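Trainee: Structure: my_file_16.pdb, PDB, C-alpha atoms, pLDDT in the B column.
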```
ATOM      1  CA  MET A 950      18.785  10.234 -12.607  1.00 32.00           C
ATOM      2  CA  ASN A 951      15.018  10.639 -12.818  1.00 35.00           C
ATOM      3  CA  ALA A 952      13.810  14.014 -11.484  1.00 36.00           C
ATOM      4  CA  VAL A 953      10.892  12.345  -9.704  1.00 38.00           C
ATOM      5  CA  MET A 954      13.333  10.077  -7.944  1.00 38.00           C
ATOM      6  CA  ASN A 955      14.945  13.141  -6.410  1.00 38.00           C
ATOM      7  CA  ASN A 956      11.597  13.995  -4.801  1.00 42.00           C
ATOM      8  CA  VAL A 957      11.502  10.674  -2.988  1.00 43.00           C
ATOM      9  CA  MET A 958      15.049  10.406  -1.772  1.00 45.00           C
ATOM     10  CA  PRO A 959      17.962  12.784  -1.780  1.00 45.00           C
ATOM     11  CA  VAL A 960      20.725  11.742  -4.117  1.00 47.00           C
ATOM     12  CA  SER A 961      23.266  10.179  -1.792  1.00 57.00           C
ATOM     13  CA  SER A 962      24.843   6.918  -0.928  1.00 69.00           C
ATOM     14  CA  GLY A 963      23.941   4.832   2.057  1.00 92.00           C
ATOM     15  CA  GLU A 964      21.244   2.527   3.214  1.00 94.00           C
ATOM     16  CA  VAL A 965      17.524   3.242   3.014  1.00 96.00           C
ATOM     17  CA  GLU A 966      14.606   1.228   4.408  1.00 97.00           C
ATOM     18  CA  PHE A 967      11.190   0.744   2.850  1.00 97.00           C
ATOM     19  CA  VAL A 968       7.976  -0.580   4.364  1.00 98.00           C
ATOM     20  CA  THR A 969       6.590  -2.780   1.594  1.00 98.00           C
ATOM     21  CA  PHE A 970       3.051  -3.771   0.742  1.00 98.00           C
ATOM     22  CA  TYR A 971       1.004  -5.086  -2.126  1.00 97.00           C
ATOM     23  CA  VAL A 972      -1.521  -3.134  -4.127  1.00 95.00           C
ATOM     24  CA  SER A 973      -3.109  -5.677  -6.411  1.00 92.00           C
ATOM     25  CA  ASP A 974      -0.116  -7.854  -7.414  1.00 92.00           C
ATOM     26  CA  MET A 975       2.337  -4.943  -7.416  1.00 92.00           C
ATOM     27  CA  LEU A 976       4.924  -4.726  -4.632  1.00 96.00           C
ATOM     28  CA  LEU A 977       5.278  -1.118  -3.491  1.00 96.00           C
ATOM     29  CA  GLY A 978       7.480   0.436  -0.862  1.00 97.00           C
ATOM     30  CA  ALA A 979       7.276   3.653   1.120  1.00 97.00           C
ATOM     31  CA  GLU A 980      10.369   5.057   2.720  1.00 96.00           C
ATOM     32  CA  ILE A 981      10.158   4.135   6.406  1.00 96.00           C
ATOM     33  CA  ARG A 982      10.441   7.770   7.523  1.00 94.00           C
ATOM     34  CA  HIS A 983       7.005   8.431   5.952  1.00 95.00           C
ATOM     35  CA  VAL A 984       5.221   5.487   7.614  1.00 97.00           C
ATOM     36  CA  GLU A 985       3.723   6.214  11.013  1.00 95.00           C
ATOM     37  CA  GLU A 986       1.791   3.019  11.606  1.00 95.00           C
ATOM     38  CA  ILE A 987       0.075   0.060  10.013  1.00 96.00           C
ATOM     39  CA  ASN A 988      -3.273  -0.976  11.361  1.00 93.00           C
ATOM     40  CA  ARG A 989      -6.156  -3.304  10.685  1.00 88.00           C
ATOM     41  CA  HIS A 990      -8.750  -0.597  11.248  1.00 70.00           C
ATOM     42  CA  VAL A 991     -10.166  -0.414   7.741  1.00 71.00           C
ATOM     43  CA  GLU A 992     -13.782   0.247   8.703  1.00 81.00           C
ATOM     44  CA  VAL A 993     -14.152   3.813   7.598  1.00 91.00           C
ATOM     45  CA  THR A 994     -16.902   6.388   7.797  1.00 93.00           C
ATOM     46  CA  PRO A 995     -17.828   7.413   4.250  1.00 93.00           C
ATOM     47  CA  VAL A 996     -17.525  11.064   3.221  1.00 93.00           C
ATOM     48  CA  ALA A 997     -20.326  12.489   1.079  1.00 93.00           C
ATOM     49  CA  ASN A 998     -19.388  13.794  -2.391  1.00 93.00           C
ATOM     50  CA  ALA A 999     -15.752  12.674  -2.043  1.00 92.00           C
ATOM     51  CA  PRO A1000     -13.814  11.270  -5.005  1.00 92.00           C
ATOM     52  CA  GLN A1001     -14.080   7.478  -5.395  1.00 90.00           C
ATOM     53  CA  TRP A1002     -10.523   6.957  -4.155  1.00 91.00           C
ATOM     54  CA  VAL A1003     -11.399   8.546  -0.794  1.00 94.00           C
ATOM     55  CA  ARG A1004     -12.758   5.573   1.125  1.00 93.00           C
ATOM     56  CA  GLY A1005     -13.675   7.711   4.129  1.00 93.00           C
ATOM     57  CA  VAL A1006     -12.253   8.737   7.489  1.00 94.00           C
ATOM     58  CA  VAL A1007     -11.185   6.914  10.643  1.00 93.00           C
ATOM     59  CA  ASN A1008     -10.573   8.149  14.156  1.00 91.00           C
ATOM     60  CA  LEU A1009      -7.042   7.205  15.245  1.00 89.00           C
ATOM     61  CA  ARG A1010      -6.584   8.099  18.889  1.00 87.00           C
ATOM     62  CA  GLY A1011      -8.599  11.287  18.619  1.00 88.00           C
ATOM     63  CA  GLU A1012      -7.341  12.399  15.205  1.00 90.00           C
ATOM     64  CA  VAL A1013      -9.542  12.115  12.126  1.00 91.00           C
ATOM     65  CA  VAL A1014      -7.507  10.613   9.279  1.00 92.00           C
ATOM     66  CA  THR A1015      -8.645  10.364   5.660  1.00 93.00           C
ATOM     67  CA  VAL A1016      -8.252   6.898   4.145  1.00 94.00           C
ATOM     68  CA  LEU A1017      -7.361   6.741   0.442  1.00 94.00           C
ATOM     69  CA  ASP A1018      -7.763   3.673  -1.752  1.00 94.00           C
ATOM     70  CA  LEU A1019      -4.262   3.432  -3.236  1.00 94.00           C
ATOM     71  CA  ARG A1020      -5.427   0.826  -5.726  1.00 93.00           C
ATOM     72  CA  GLN A1021      -7.947   3.294  -7.192  1.00 92.00           C
ATOM     73  CA  ILE A1022      -5.431   6.143  -7.239  1.00 90.00           C
ATOM     74  CA  LEU A1023      -3.160   3.948  -9.344  1.00 88.00           C
ATOM     75  CA  GLY A1024      -5.998   3.054 -11.712  1.00 87.00           C
ATOM     76  CA  LEU A1025      -6.264  -0.593 -10.628  1.00 89.00           C
ATOM     77  CA  GLY A1026      -9.883  -0.633  -9.432  1.00 92.00           C
ATOM     78  CA  ARG A1027     -11.439  -0.556  -5.979  1.00 94.00           C
ATOM     79  CA  THR A1028      -9.834  -2.478  -3.108  1.00 93.00           C
ATOM     80  CA  ASP A1029     -11.918  -5.336  -1.782  1.00 92.00           C
ATOM     81  CA  ILE A1030     -11.496  -5.412   1.985  1.00 90.00           C
ATOM     82  CA  ASP A1031     -10.585  -8.808   3.415  1.00 93.00           C
ATOM     83  CA  LYS A1032      -8.607 -10.195   6.373  1.00 93.00           C
ATOM     84  CA  ASN A1033      -5.277  -9.094   4.825  1.00 95.00           C
ATOM     85  CA  THR A1034      -6.272  -5.506   3.974  1.00 95.00           C
ATOM     86  CA  ARG A1035      -4.394  -2.877   5.966  1.00 96.00           C
ATOM     87  CA  ASN A1036      -4.409   0.859   6.481  1.00 96.00           C
ATOM     88  CA  VAL A1037      -0.850   2.214   6.145  1.00 97.00           C
ATOM     89  CA  VAL A1038      -0.784   5.607   7.838  1.00 96.00           C
ATOM     90  CA  VAL A1039       1.756   7.841   6.143  1.00 95.00           C
ATOM     91  CA  SER A1040       2.781  11.461   6.424  1.00 90.00           C
ATOM     92  CA  ALA A1041       4.573  13.911   4.199  1.00 84.00           C
ATOM     93  CA  ASP A1042       4.763  17.683   4.149  1.00 82.00           C
ATOM     94  CA  GLY A1043       2.735  17.903   7.369  1.00 83.00           C
ATOM     95  CA  GLU A1044      -0.177  15.859   6.014  1.00 86.00           C
ATOM     96  CA  ARG A1045      -1.248  12.514   7.484  1.00 90.00           C
ATOM     97  CA  VAL A1046      -3.454   9.993   5.620  1.00 93.00           C
ATOM     98  CA  GLY A1047      -4.162   6.297   5.543  1.00 95.00           C
ATOM     99  CA  LEU A1048      -3.467   4.287   2.402  1.00 96.00           C
ATOM    100  CA  LEU A1049      -5.642   1.231   1.943  1.00 95.00           C
ATOM    101  CA  VAL A1050      -3.464  -1.645   0.677  1.00 96.00           C
ATOM    102  CA  ASN A1051      -4.179  -5.302  -0.114  1.00 96.00           C
ATOM    103  CA  ARG A1052      -1.564  -6.738   2.230  1.00 96.00           C
ATOM    104  CA  ILE A1053       1.640  -5.943   4.042  1.00 97.00           C
ATOM    105  CA  ALA A1054       5.001  -7.450   3.096  1.00 96.00           C
ATOM    106  CA  ASP A1055       8.378  -6.831   4.795  1.00 95.00           C
ATOM    107  CA  VAL A1056      10.753  -4.027   5.570  1.00 96.00           C
ATOM    108  CA  VAL A1057      13.344  -3.955   2.796  1.00 96.00           C
ATOM    109  CA  LYS A1058      16.785  -2.418   3.214  1.00 96.00           C
ATOM    110  CA  THR A1059      18.772  -1.389   0.174  1.00 95.00           C
ATOM    111  CA  GLN A1060      21.492   0.983  -0.871  1.00 94.00           C
ATOM    112  CA  ARG A1061      20.308   4.220  -2.454  1.00 93.00           C
ATOM    113  CA  ASN A1062      22.520   3.566  -5.478  1.00 94.00           C
ATOM    114  CA  GLU A1063      20.576   0.325  -6.151  1.00 94.00           C
ATOM    115  CA  ILE A1064      17.402   2.300  -6.898  1.00 94.00           C
ATOM    116  CA  LYS A1065      16.974   2.389 -10.660  1.00 94.00           C
ATOM    117  CA  PRO A1066      14.881   4.724 -12.827  1.00 90.00           C
ATOM    118  CA  LEU A1067      11.404   3.603 -13.801  1.00 84.00           C
ATOM    119  CA  PRO A1068      11.051   1.447 -16.901  1.00 77.00           C
ATOM    120  CA  ALA A1069       9.540   3.399 -19.811  1.00 74.00           C
ATOM    121  CA  ASN A1070       6.147   1.651 -19.635  1.00 68.00           C
ATOM    122  CA  LEU A1071       5.660   2.472 -15.937  1.00 62.00           C
ATOM    123  CA  ALA A1072       7.031   5.982 -16.334  1.00 55.00           C
ATOM    124  CA  ALA A1073       4.433   6.729 -19.002  1.00 54.00           C
ATOM    125  CA  ALA A1074       1.519   5.562 -16.828  1.00 60.00           C
ATOM    126  CA  ASN A1075       1.921   7.112 -13.366  1.00 69.00           C
ATOM    127  CA  GLU A1076       5.407   8.551 -13.203  1.00 76.00           C
ATOM    128  CA  GLU A1077       4.530  11.121 -10.574  1.00 82.00           C
ATOM    129  CA  TYR A1078       3.625   8.399  -8.063  1.00 88.00           C
ATOM    130  CA  PHE A1079       6.890   6.467  -8.257  1.00 90.00           C
ATOM    131  CA  GLY A1080      10.497   7.261  -7.468  1.00 89.00           C
ATOM    132  CA  GLY A1081      12.239   4.257  -8.945  1.00 92.00           C
ATOM    133  CA  ILE A1082      12.545   0.484  -8.917  1.00 94.00           C
ATOM    134  CA  VAL A1083      14.611  -1.862  -6.783  1.00 96.00           C
ATOM    135  CA  GLU A1084      15.387  -5.333  -8.122  1.00 95.00           C
ATOM    136  CA  LEU A1085      14.839  -7.841  -5.326  1.00 94.00           C
ATOM    137  CA  GLU A1086      15.711 -11.531  -5.482  1.00 92.00           C
ATOM    138  CA  ASN A1087      12.297 -12.669  -6.780  1.00 92.00           C
ATOM    139  CA  GLU A1088      10.426  -9.506  -7.805  1.00 93.00           C
ATOM    140  CA  LEU A1089      10.590  -5.789  -8.436  1.00 92.00           C
ATOM    141  CA  LEU A1090       9.849  -3.211  -5.758  1.00 96.00           C
ATOM    142  CA  ALA A1091       8.312   0.036  -7.001  1.00 94.00           C
ATOM    143  CA  ILE A1092       9.183   2.954  -4.726  1.00 95.00           C
ATOM    144  CA  LEU A1093       6.088   4.983  -3.879  1.00 94.00           C
ATOM    145  CA  ASN A1094       6.537   8.754  -3.841  1.00 92.00           C
ATOM    146  CA  VAL A1095       4.364   9.397  -0.770  1.00 92.00           C
ATOM    147  CA  ALA A1096       4.581  13.192  -0.975  1.00 89.00           C
ATOM    148  CA  GLU A1097       3.437  13.148  -4.598  1.00 87.00           C
ATOM    149  CA  VAL A1098       0.517  10.771  -3.939  1.00 87.00           C
ATOM    150  CA  LEU A1099      -0.674  13.111  -1.194  1.00 85.00           C
ATOM    151  CA  ALA A1100      -0.131  16.221  -3.319  1.00 82.00           C
ATOM    152  CA  VAL A1101      -1.980  14.872  -6.353  1.00 69.00           C
ATOM    153  CA  THR A1102      -4.930  13.633  -4.316  1.00 67.00           C
ATOM    154  CA  ARG A1103      -5.091  16.910  -2.372  1.00 68.00           C
ATOM    155  CA  ASP A1104      -5.204  18.837  -5.649  1.00 61.00           C
ATOM    156  CA  GLU A1105      -8.049  16.692  -7.000  1.00 59.00           C
ATOM    157  CA  VAL A1106     -10.406  16.875  -3.976  1.00 50.00           C
TER     158      VAL A1106
END
```
Would you mind writing the structure in this file as structure tokens?

Mentor:
Amino acid sequence: MNAVMNNVMPVSSGEVEFVTFYVSDMLLGAEIRHVEEINRHVEVTPVANAPQWVRGVVNLRGEVVTVLDLRQILGLGRTDIDKNTRNVVVSADGERVGLLVNRIADVVKTQRNEIKPLPANLAAANEEYFGGIVELENELLAILNVAEVLAVTRDEV
């Protein structure tokens, strides 16, 4: 089993749920325990001298939350904000951020043993950001390693 996969989910059997969303044309999923909320508030206040993938900050009920452009983090270019764009607020290791995504999909339930290692071409590109792949009926779901996305971006600020 892929070592990165162990960072996303403990090796065990049983059901796991993912909140899914699209970044570009790629279907990604974050384990539901990491997702706090999904909101339409994507008007952010820019932050001077921040990396390009930091879109800015928003005030969510009195808490200032940094909004990251997940598309840019993954090397897919800047997210164009439109009526489908959402801010997925996630937390891991005590840190809370918003991830700008192109659109929201569904909640997907699967068995942990159905999560497969990354294909070699994806593993070579951004292995640290992904914890595996789930084959759905019509497409592949890439499991986002939320803790690793937050750790890598924190290290690069």

Trainee: Pick the closest to Asn1036 (chain A) from A:Gly1024, A:Val1095, A:Pro1066, A:Leu1017: which is it, counting all atoms listed in the file?

Mentor: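 Ranked by minimum distance to Asn1036 (chain A), first place goes to A:Leu1017.
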
Trainee: Written as a list in words, what is the full residue list that the PyMOL selection byres ((chain A and resi 1051) around 6) yields on the file shown?

Mentor: Tyr971, Val972, Thr1034, Val1050 and Arg1052 of chain A

Trainee: Exactly which residues make up the result of the PyMOL selection byres ((chain A and resi 1088) around 12) on this file, given as a ChimeraX atom specification?

Mentor: /A:971,974-977,1082-1087,1089-1091

Trainee: Only C-alpha atoms, please: the residues just picked out, written as a PDB file, keeping the file's coordinate frame.

Mentor:
```pdb
ATOM      1  CA  TYR A 971       1.004  -5.086  -2.126  1.00 97.00           C
ATOM      2  CA  ASP A 974      -0.116  -7.854  -7.414  1.00 92.00           C
ATOM      3  CA  MET A 975       2.337  -4.943  -7.416  1.00 92.00           C
ATOM      4  CA  LEU A 976       4.924  -4.726  -4.632  1.00 96.00           C
ATOM      5  CA  LEU A 977       5.278  -1.118  -3.491  1.00 96.00           C
ATOM      6  CA  ILE A1082      12.545   0.484  -8.917  1.00 94.00           C
ATOM      7  CA  VAL A1083      14.611  -1.862  -6.783  1.00 96.00           C
ATOM      8  CA  GLU A1084      15.387  -5.333  -8.122  1.00 95.00           C
ATOM      9  CA  LEU A1085      14.839  -7.841  -5.326  1.00 94.00           C
ATOM     10  CA  GLU A1086      15.711 -11.531  -5.482  1.00 92.00           C
ATOM     11  CA  ASN A1087      12.297 -12.669  -6.780  1.00 92.00           C
ATOM     12  CA  LEU A1089      10.590  -5.789  -8.436  1.00 92.00           C
ATOM     13  CA  LEU A1090       9.849  -3.211  -5.758  1.00 96.00           C
ATOM     14  CA  ALA A1091       8.312   0.036  -7.001  1.00 94.00           C
TER      15      ALA A1091
END
```

Trainee: Centre and edge lengths, as lines of an AutoDock Vina configuration file, for the axis-aligned box enclosing every listed atom of region 1024-1035 of chain A with 6 Å of padding on each of the six sides, in Å to one decimal?

Mentor:
```
center_x = -8.2
center_y = -3.6
center_z = -2.7
size_x = 19.5
size_y = 25.2
size_z = 30.1
```

Trainee: Could you tell me how far CA of Val993 (chain A) sits from CA of Ala1100 (chain A), in Å to one decimal place?

Mentor: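 Distance reported for this atom pair: 21.7 Å.
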
Trainee: Check which residues satisfy the PyMOL selection byres ((chain A and resi 979) around 8) in the file shown, then give them as a list in words.

Mentor: Phe967, Val968, Thr969, Leu977, Gly978, Glu980, Ile981, His983, Val984, Ile1092, Leu1093, Asn1094 and Val1095 of chain A

Trainee: Set the distance at 6 Å and use only C-alpha atoms: which residues neighbour region 986-992 of chain A once local chain neighbours fewer than 3 positions away are removed? I'd like the list as a PyMOL selection string.

Mentor: chain A and resi 1035-1038

Trainee: For Val965 (chain A), work out the shell of residues within 9 Å, counting only C-alpha atoms and skipping chain neighbours fewer than 3 positions away, then give it as a list in words.

Mentor: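 The residues satisfying every condition are Met958, Glu980, Ile981, Val1057, Lys1058, Thr1059, Gln1060 and Arg1061 of chain A.
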
Trainee: Atoms to include: C-alpha atoms. Write the selected residues as a compact mmCIF listing (two decimals), keeping the file's coordinate frame.

Mentor:
```txt
# COMPACT_ATOMS: atom_id res chain seq x y z
CA MET A 958 15.05 10.41 -1.77
CA GLU A 980 10.37 5.06 2.72
CA ILE A 981 10.16 4.14 6.41
CA VAL A 1057 13.34 -3.96 2.80
CA LYS A 1058 16.78 -2.42 3.21
CA THR A 1059 18.77 -1.39 0.17
CA GLN A 1060 21.49 0.98 -0.87
CA ARG A 1061 20.31 4.22 -2.45
```

Trainee: May I ask for the distance between CA of Lys1032 (chain A) and CA of Ser973 (chain A), given in Å to one decimal place?

Mentor: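 Between these atoms lies a distance of 14.6 Å.
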
Trainee: Give me the residues of region 1019-1072 of chain A that have any atom at most 12 Å from an atom of region 994-1001 of chain A; for each, the nearest atom pair and the distance in Å, rounded to one decimal. Use all atoms listed in the file, sort by chain and number, and format it as JSON lines.

Mentor:
```
{"residue": "A:Leu1019", "atom": "CA", "partner": "A:Gln1001", "partner_atom": "CA", "distance": 10.8}
{"residue": "A:Arg1020", "atom": "CA", "partner": "A:Gln1001", "partner_atom": "CA", "distance": 10.9}
{"residue": "A:Gln1021", "atom": "CA", "partner": "A:Gln1001", "partner_atom": "CA", "distance": 7.6}
{"residue": "A:Ile1022", "atom": "CA", "partner": "A:Gln1001", "partner_atom": "CA", "distance": 8.9}
{"residue": "A:Gly1024", "atom": "CA", "partner": "A:Gln1001", "partner_atom": "CA", "distance": 11.2}
{"residue": "A:Gly1026", "atom": "CA", "partner": "A:Gln1001", "partner_atom": "CA", "distance": 10.0}
{"residue": "A:Arg1027", "atom": "CA", "partner": "A:Gln1001", "partner_atom": "CA", "distance": 8.5}
{"residue": "A:Thr1028", "atom": "CA", "partner": "A:Gln1001", "partner_atom": "CA", "distance": 11.1}
```

Trainee: Can you measure CA of Glu966 (chain A) to CA of Ala1096 (chain A) for me? One decimal in Å is fine.

Mentor: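 Answer for the CA of Glu966 (chain A) to CA of Ala1096 (chain A) separation: 16.5 Å.
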